[in-house]
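Structure file input_7.txt with compact mmCIF, C-alpha atoms:
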# COMPACT_ATOMS: atom_id res chain seq x y z
CA MET A 1488 -13.31 35.77 -0.50
CA VAL A 1489 -13.93 32.95 -2.98
CA GLY A 1490 -17.12 31.54 -4.43
CA PRO A 1491 -18.73 28.30 -3.18
CA GLU A 1492 -17.45 26.23 -6.13
CA ILE A 1493 -13.85 27.27 -5.46
CA GLU A 1494 -14.28 26.72 -1.72
CA ARG A 1495 -15.65 23.21 -2.40
CA LEU A 1496 -12.63 22.47 -4.63
CA ILE A 1497 -10.26 23.64 -1.89
CA GLN A 1498 -12.06 21.56 0.77
CA LEU A 1499 -11.95 18.43 -1.40
CA LEU A 1500 -8.26 18.92 -2.22
CA ALA A 1501 -7.52 19.41 1.50
CA ARG A 1502 -8.81 15.87 2.13
CA LEU A 1503 -5.91 14.42 0.12
CA PRO A 1504 -2.92 13.11 2.08
CA GLY A 1505 -0.18 15.69 2.44
CA LEU A 1506 -2.40 18.66 1.57
CA GLY A 1507 -3.52 20.99 4.31
CA PRO A 1508 -5.79 23.98 3.76
CA ARG A 1509 -3.00 26.27 2.53
CA SER A 1510 -1.55 23.69 0.12
CA ALA A 1511 -5.05 22.88 -1.14
CA ARG A 1512 -5.69 26.59 -1.78
CA ARG A 1513 -2.44 26.84 -3.79
CA ALA A 1514 -3.29 23.66 -5.75
CA ALA A 1515 -6.80 24.95 -6.51
CA LEU A 1516 -5.37 28.25 -7.72
CA LYS A 1517 -2.89 26.46 -9.98
CA LEU A 1518 -5.69 24.28 -11.41
CA LEU A 1519 -7.82 27.34 -12.10
CA GLU A 1520 -4.93 29.19 -13.72
CA ARG A 1521 -4.20 26.23 -15.97
CA ARG A 1522 -7.75 25.21 -16.77
CA GLU A 1523 -7.13 23.81 -20.29
CA THR A 1524 -3.71 22.25 -19.70
CA LEU A 1525 -4.21 20.90 -16.18
CA MET A 1526 -7.68 21.17 -14.67
CA GLU A 1527 -9.75 19.76 -17.55
CA PRO A 1528 -7.37 16.85 -18.33
CA LEU A 1529 -7.23 16.04 -14.61
CA ALA A 1530 -11.03 16.11 -14.36
CA ARG A 1531 -11.33 13.76 -17.36
CA ALA A 1532 -8.68 11.41 -15.93
CA MET A 1533 -10.46 11.33 -12.58
CA THR A 1534 -13.81 10.65 -14.22
CA ASP A 1535 -12.29 7.84 -16.29
CA ALA A 1536 -10.57 6.34 -13.24
CA ALA A 1537 -13.78 6.48 -11.19
CA ALA A 1538 -15.65 4.69 -13.97
CA ARG A 1539 -13.05 2.09 -14.97
CA VAL A 1540 -10.72 1.34 -12.05
CA GLY A 1541 -11.64 -1.14 -9.34
CA PRO A 1542 -10.06 -3.62 -6.94
CA CYS A 1543 -8.75 -6.96 -8.17
CA ARG A 1544 -10.81 -9.82 -6.72
CA LEU A 1545 -7.65 -11.91 -6.17
CA CYS A 1546 -5.18 -9.50 -4.60
CA GLY A 1547 -6.94 -6.17 -3.98
CA ASN A 1548 -4.74 -4.07 -6.30
CA PHE A 1549 -6.41 -1.35 -8.36
CA ASP A 1550 -6.62 -1.86 -12.13
CA THR A 1551 -8.98 -1.52 -15.06
CA VAL A 1552 -9.12 -5.31 -15.50
CA ASP A 1553 -10.04 -8.10 -13.08
CA PRO A 1554 -7.92 -9.99 -12.29
CA CYS A 1555 -5.32 -7.23 -12.38
CA ALA A 1556 -2.28 -7.21 -14.65
CA ILE A 1557 -0.06 -8.55 -11.86
CA CYS A 1558 -2.32 -11.51 -11.05
CA ALA A 1559 -2.81 -12.28 -14.73
CA ASP A 1560 0.92 -12.14 -15.56
CA PRO A 1561 2.08 -15.71 -16.36
CA CYS A 1562 5.69 -14.69 -15.63
CA ARG A 1563 4.87 -14.09 -11.96
CA ASP A 1564 6.00 -16.81 -9.55
CA PRO A 1565 2.86 -18.39 -8.03
CA ALA A 1566 5.00 -19.94 -5.27
CA LEU A 1567 5.55 -16.52 -3.64
CA LEU A 1568 2.80 -14.46 -2.03
CA CYS A 1569 3.62 -11.04 -0.56
CA VAL A 1570 1.12 -9.71 1.99
CA VAL A 1571 0.93 -5.91 2.22
CA GLU A 1572 -1.15 -3.48 4.24
CA ASP A 1573 -2.56 -1.48 1.35
CA VAL A 1574 -2.26 -0.74 -2.36
CA ALA A 1575 0.32 1.99 -1.65
CA ALA A 1576 2.62 -0.68 -0.16
CA LEU A 1577 2.02 -2.95 -3.17
CA TRP A 1578 2.95 -0.12 -5.53
CA ALA A 1579 6.08 0.58 -3.44
CA MET A 1580 7.13 -3.07 -3.76
CA GLU A 1581 6.46 -3.01 -7.49
CA ARG A 1582 8.46 0.19 -7.89
CA THR A 1583 11.61 -1.69 -6.80
CA GLY A 1584 11.22 -4.32 -9.52
CA SER A 1585 12.75 -6.86 -7.13
CA PHE A 1586 9.68 -9.00 -6.34
CA ARG A 1587 8.25 -11.24 -9.06
CA GLY A 1588 5.63 -13.15 -7.08
CA ARG A 1589 1.97 -12.38 -6.37
CA TYR A 1590 0.36 -10.12 -3.77
CA LEU A 1591 -2.46 -9.91 -1.29
CA VAL A 1592 -3.64 -6.54 0.04
CA LEU A 1593 -5.02 -6.82 3.59
CA GLY A 1594 -6.81 -3.49 3.47
CA GLY A 1595 -5.39 -2.28 6.78
CA LEU A 1596 -3.83 -3.52 10.01
CA LEU A 1597 -5.23 -4.94 13.23
CA SER A 1598 -5.87 -2.13 15.70
CA ALA A 1599 -7.84 -2.55 18.90
CA LEU A 1600 -7.85 1.24 19.41
CA ASP A 1601 -9.47 1.80 16.01
CA GLY A 1602 -11.80 -1.19 16.33
CA ILE A 1603 -10.20 -3.06 13.42
CA GLY A 1604 -10.26 -6.80 13.97
CA PRO A 1605 -9.46 -9.85 11.82
CA ASP A 1606 -12.91 -9.85 10.18
CA ASP A 1607 -12.35 -6.30 8.91
CA LEU A 1608 -9.30 -7.28 6.85
CA GLY A 1609 -8.59 -9.63 3.95
CA ILE A 1610 -7.37 -12.39 6.26
CA ALA A 1611 -9.93 -14.99 5.13
CA ARG A 1612 -8.79 -14.46 1.54
CA LEU A 1613 -5.16 -14.89 2.70
CA ILE A 1614 -5.93 -18.17 4.49
CA GLU A 1615 -7.67 -19.42 1.34
CA ARG A 1616 -4.76 -18.45 -0.91
CA ALA A 1617 -2.19 -19.87 1.52
CA ALA A 1618 -3.78 -23.31 1.08
CA ALA A 1619 -2.88 -23.39 -2.64
CA PRO A 1620 -0.69 -26.44 -3.38
CA ASP A 1621 1.84 -24.45 -5.43
CA LEU A 1622 2.45 -21.78 -2.75
CA ALA A 1623 5.87 -22.16 -1.09
CA GLU A 1624 6.26 -18.91 0.86
CA VAL A 1625 4.13 -16.15 2.33
CA ILE A 1626 6.11 -12.93 2.85
CA LEU A 1627 4.61 -10.58 5.44
CA ALA A 1628 5.68 -7.14 4.15
CA LEU A 1629 3.99 -5.13 6.89
CA PRO A 1630 5.14 -1.90 8.54
CA ALA A 1631 7.49 -1.90 11.52
CA THR A 1632 4.82 -0.31 13.72
CA VAL A 1633 2.98 -1.73 16.71
CA GLU A 1634 -0.08 -2.42 14.52
CA GLY A 1635 2.06 -3.85 11.70
CA GLN A 1636 3.95 -6.20 13.98
CA THR A 1637 0.76 -7.22 15.83
CA THR A 1638 -0.82 -8.07 12.48
CA ALA A 1639 2.28 -9.96 11.33
CA HIS A 1640 2.33 -12.00 14.56
CA TYR A 1641 -1.39 -12.79 14.24
CA LEU A 1642 -0.98 -13.85 10.59
CA ALA A 1643 2.08 -15.97 11.37
CA GLU A 1644 0.06 -17.81 14.01
CA ARG A 1645 -2.89 -18.31 11.63
CA LEU A 1646 -0.58 -19.60 8.87
CA ALA A 1647 1.51 -21.84 11.15
CA GLY A 1648 1.39 -25.51 10.25
CA GLY A 1649 0.48 -24.83 6.64
CA ARG A 1650 2.44 -25.89 3.56
CA ALA A 1651 3.98 -22.50 2.91
CA ALA A 1652 6.86 -21.03 4.89
CA VAL A 1653 6.08 -17.66 6.49
CA SER A 1654 8.71 -14.91 6.43
CA GLY A 1655 8.91 -11.18 7.07
CA LEU A 1656 10.94 -8.37 5.58
CA ALA A 1657 14.29 -7.63 7.19
CA GLN A 1658 14.34 -4.45 9.25
CA GLY A 1659 17.16 -2.15 10.16
CA VAL A 1660 19.59 0.36 8.75
CA PRO A 1661 18.55 1.77 5.37
CA ILE A 1662 21.07 1.93 2.55
CA GLY A 1663 23.01 5.15 3.01
CA GLY A 1664 21.71 5.49 6.57
CA ASP A 1665 23.91 7.12 9.20
CA LEU A 1666 23.62 5.46 12.62
CA ASP A 1667 23.68 8.82 14.35
CA HIS A 1668 20.42 9.80 12.59
CA LEU A 1669 18.51 6.56 13.29
CA ASP A 1670 16.14 5.99 16.18
CA ASP A 1671 16.92 3.42 18.87
CA GLY A 1672 14.26 0.97 17.65
CA THR A 1673 15.75 0.86 14.13
CA ILE A 1674 19.25 0.28 15.45
CA THR A 1675 17.96 -2.48 17.78
CA ALA A 1676 16.10 -4.15 14.89
CA ALA A 1677 19.22 -3.94 12.72
CA LEU A 1678 21.31 -5.59 15.42
CA ARG A 1679 18.80 -8.41 15.82
CA ALA A 1680 18.58 -8.98 12.04
CA ARG A 1681 22.35 -8.90 11.49
CA ARG A 1682 23.97 -11.41 9.11
CA ARG A 1683 27.43 -12.67 8.28
CA VAL A 1684 29.40 -10.72 5.69
Let me see the file written as structure tokens.
Amino acid sequence: MVGPEIERLIQLLARLPGLGPRSARRAALKLLERRETLMEPLARAMTDAAARVGPCRLCGNFDTVDPCAICADPCRDPALLCVVEDVAALWAMERTGSFRGRYLVLGGLLSALDGIGPDDLGIARLIERAAAPDLAEVILALPATVEGQTTAHYLAERLAGGRAAVSGLAQGVPIGGDLDHLDDGTITAALRARRRV
């Protein structure tokens, strides 16, 4: 039996992605065991983040400044705009170090089942940014899911006829991927996106 404060900590930790009740209980125990070296610094960092971090008005990334460091970077190529589902996808793209353009976070994907329509996402902001005279390409870096592809198709239609070319990420076999371990949809996508070598 644990006290209400500990139970509240466990319940809040269990809300985090990837943590179920048992993992949250273990994490809470570790925090309590390491109060001075882990729990208190984490609490301060979370308080600071809650007070200082917010979404960028241009792209939707999280930062302590607005516009964010990416949008304010003069070395970024303003001719390239990468559209992503959420900040996690933006951070994944940034982790590669291979994209040097700008971003736009949609804030989700179209989903009739979940009641998410075009007005619920950052599509109006995308249309506005796509009209910029220096924009040459909009890259739709959306997941290869039904919702991701539905959203990509919708955006491609909305952006058709504009100045900027619209492209999507290639899909298929991952580097180091063994065909025997891939699902049929991935193999089919790889075949359709094949290129000359």
- Between CA of Asp1621 (chain A) and CA of Val1653 (chain A) lies a distance of 14.4 Å
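Here CA of Leu1642 (chain A) is placed at a distance of 7.9 Å from CA of Ile1610 (chain A).
From CA of Glu1572 (chain A) back to CA of Thr1638 (chain A), the distance works out to 9.4 Å.
Excluding region 1629-1637 of chain A itself and any same-chain residue fewer than 4 positions from it, the protein and nucleic acid residues within 9 Å of it, counting all atoms listed in the file, are Val1570, Val1571, Glu1572, Ala1576, Leu1596, Leu1597, Ser1598, Ala1599, Tyr1641, Leu1642, Gly1655, Leu1656 and Gln1658 of chain A.
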Could you turn the residues from that selection into a file that holds C-alpha atoms, as a PDB file, in the frame of the given file?
ATOM      1  CA  VAL A1570       1.120  -9.710   1.990  1.00  0.00           C
ATOM      2  CA  VAL A1571       0.930  -5.910   2.220  1.00  0.00           C
ATOM      3  CA  GLU A1572      -1.150  -3.480   4.240  1.00  0.00           C
ATOM      4  CA  ALA A1576       2.620  -0.680  -0.160  1.00  0.00           C
ATOM      5  CA  LEU A1596      -3.830  -3.520  10.010  1.00  0.00           C
ATOM      6  CA  LEU A1597      -5.230  -4.940  13.230  1.00  0.00           C
ATOM      7  CA  SER A1598      -5.870  -2.130  15.700  1.00  0.00           C
ATOM      8  CA  ALA A1599      -7.840  -2.550  18.900  1.00  0.00           C
ATOM      9  CA  TYR A1641      -1.390 -12.790  14.240  1.00  0.00           C
ATOM     10  CA  LEU A1642      -0.980 -13.850  10.590  1.00  0.00           C
ATOM     11  CA  GLY A1655       8.910 -11.180   7.070  1.00  0.00           C
ATOM     12  CA  LEU A1656      10.940  -8.370   5.580  1.00  0.00           C
ATOM     13  CA  GLN A1658      14.340  -4.450   9.250  1.00  0.00           C
TER      14      GLN A1658
END
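The closest residue to Ala1657 (chain A), picked from A:Ala1643, A:Ile1614, A:Met1533, A:Ala1677 and counting only C-alpha atoms, is A:Ala1677.
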List every residue of region 1600-1661 of chain A that has an atom at most 12 Å from any atom of region 1578-1588 of chain A, giving for each one its closest atom pair and the distance in Å to one decimal, counting all atoms listed in the file, sorted by chain and then by ascending residue number, as CSV.
residue,atom,partner,partner_atom,distance
A:Leu1622,CA,A:Gly1588,CA,10.2
A:Ala1623,CA,A:Gly1588,CA,10.8
A:Glu1624,CA,A:Gly1588,CA,9.8
A:Val1625,CA,A:Gly1588,CA,10.0
A:Ile1626,CA,A:Gly1588,CA,9.9
A:Ala1628,CA,A:Met1580,CA,9.0
A:Leu1629,CA,A:Met1580,CA,11.3
A:Leu1656,CA,A:Met1580,CA,11.4
Show which residues sit within 12 Å of Pro1661 (chain A), as a tab-separated table (two decimals) with C-alpha atoms, keeping the file's coordinate frame. Count only C-alpha atoms, and ignore same-chain residues fewer than 6 positions away.
chain	number	residue	atom	x	y	z
A	1668	HIS	CA	20.42	9.80	12.59
A	1669	LEU	CA	18.51	6.56	13.29
A	1670	ASP	CA	16.14	5.99	16.18
A	1673	THR	CA	15.75	0.86	14.13
A	1674	ILE	CA	19.25	0.28	15.45
A	1676	ALA	CA	16.10	-4.15	14.89
A	1677	ALA	CA	19.22	-3.94	12.72
- Using only C-alpha atoms: which of A:Arg1650, A:Arg1679, A:Arg1539, A:Arg1544 has the shortest distance to Ala1619 (chain A): A:Arg1650
- Task: Could you give me, as a PyMOL selection string, the residues within 12 Å of Pro1542 (chain A), counting only C-alpha atoms and dropping anything in the same chain fewer than 5 positions from it?
- Result: chain A and resi 1536-1537+1547-1556+1558+1573-1574+1591-1592+1594
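Near region 1507-1511 of chain A, within 12 Å and counting all atoms listed in the file, sit A:Ile1493, A:Glu1494, A:Arg1495, A:Leu1496, A:Ile1497, A:Gln1498, A:Leu1499, A:Leu1500, A:Ala1501, A:Arg1502, A:Leu1516, A:Lys1517, A:Leu1518, not including residues fewer than 5 positions from it in the same chain.
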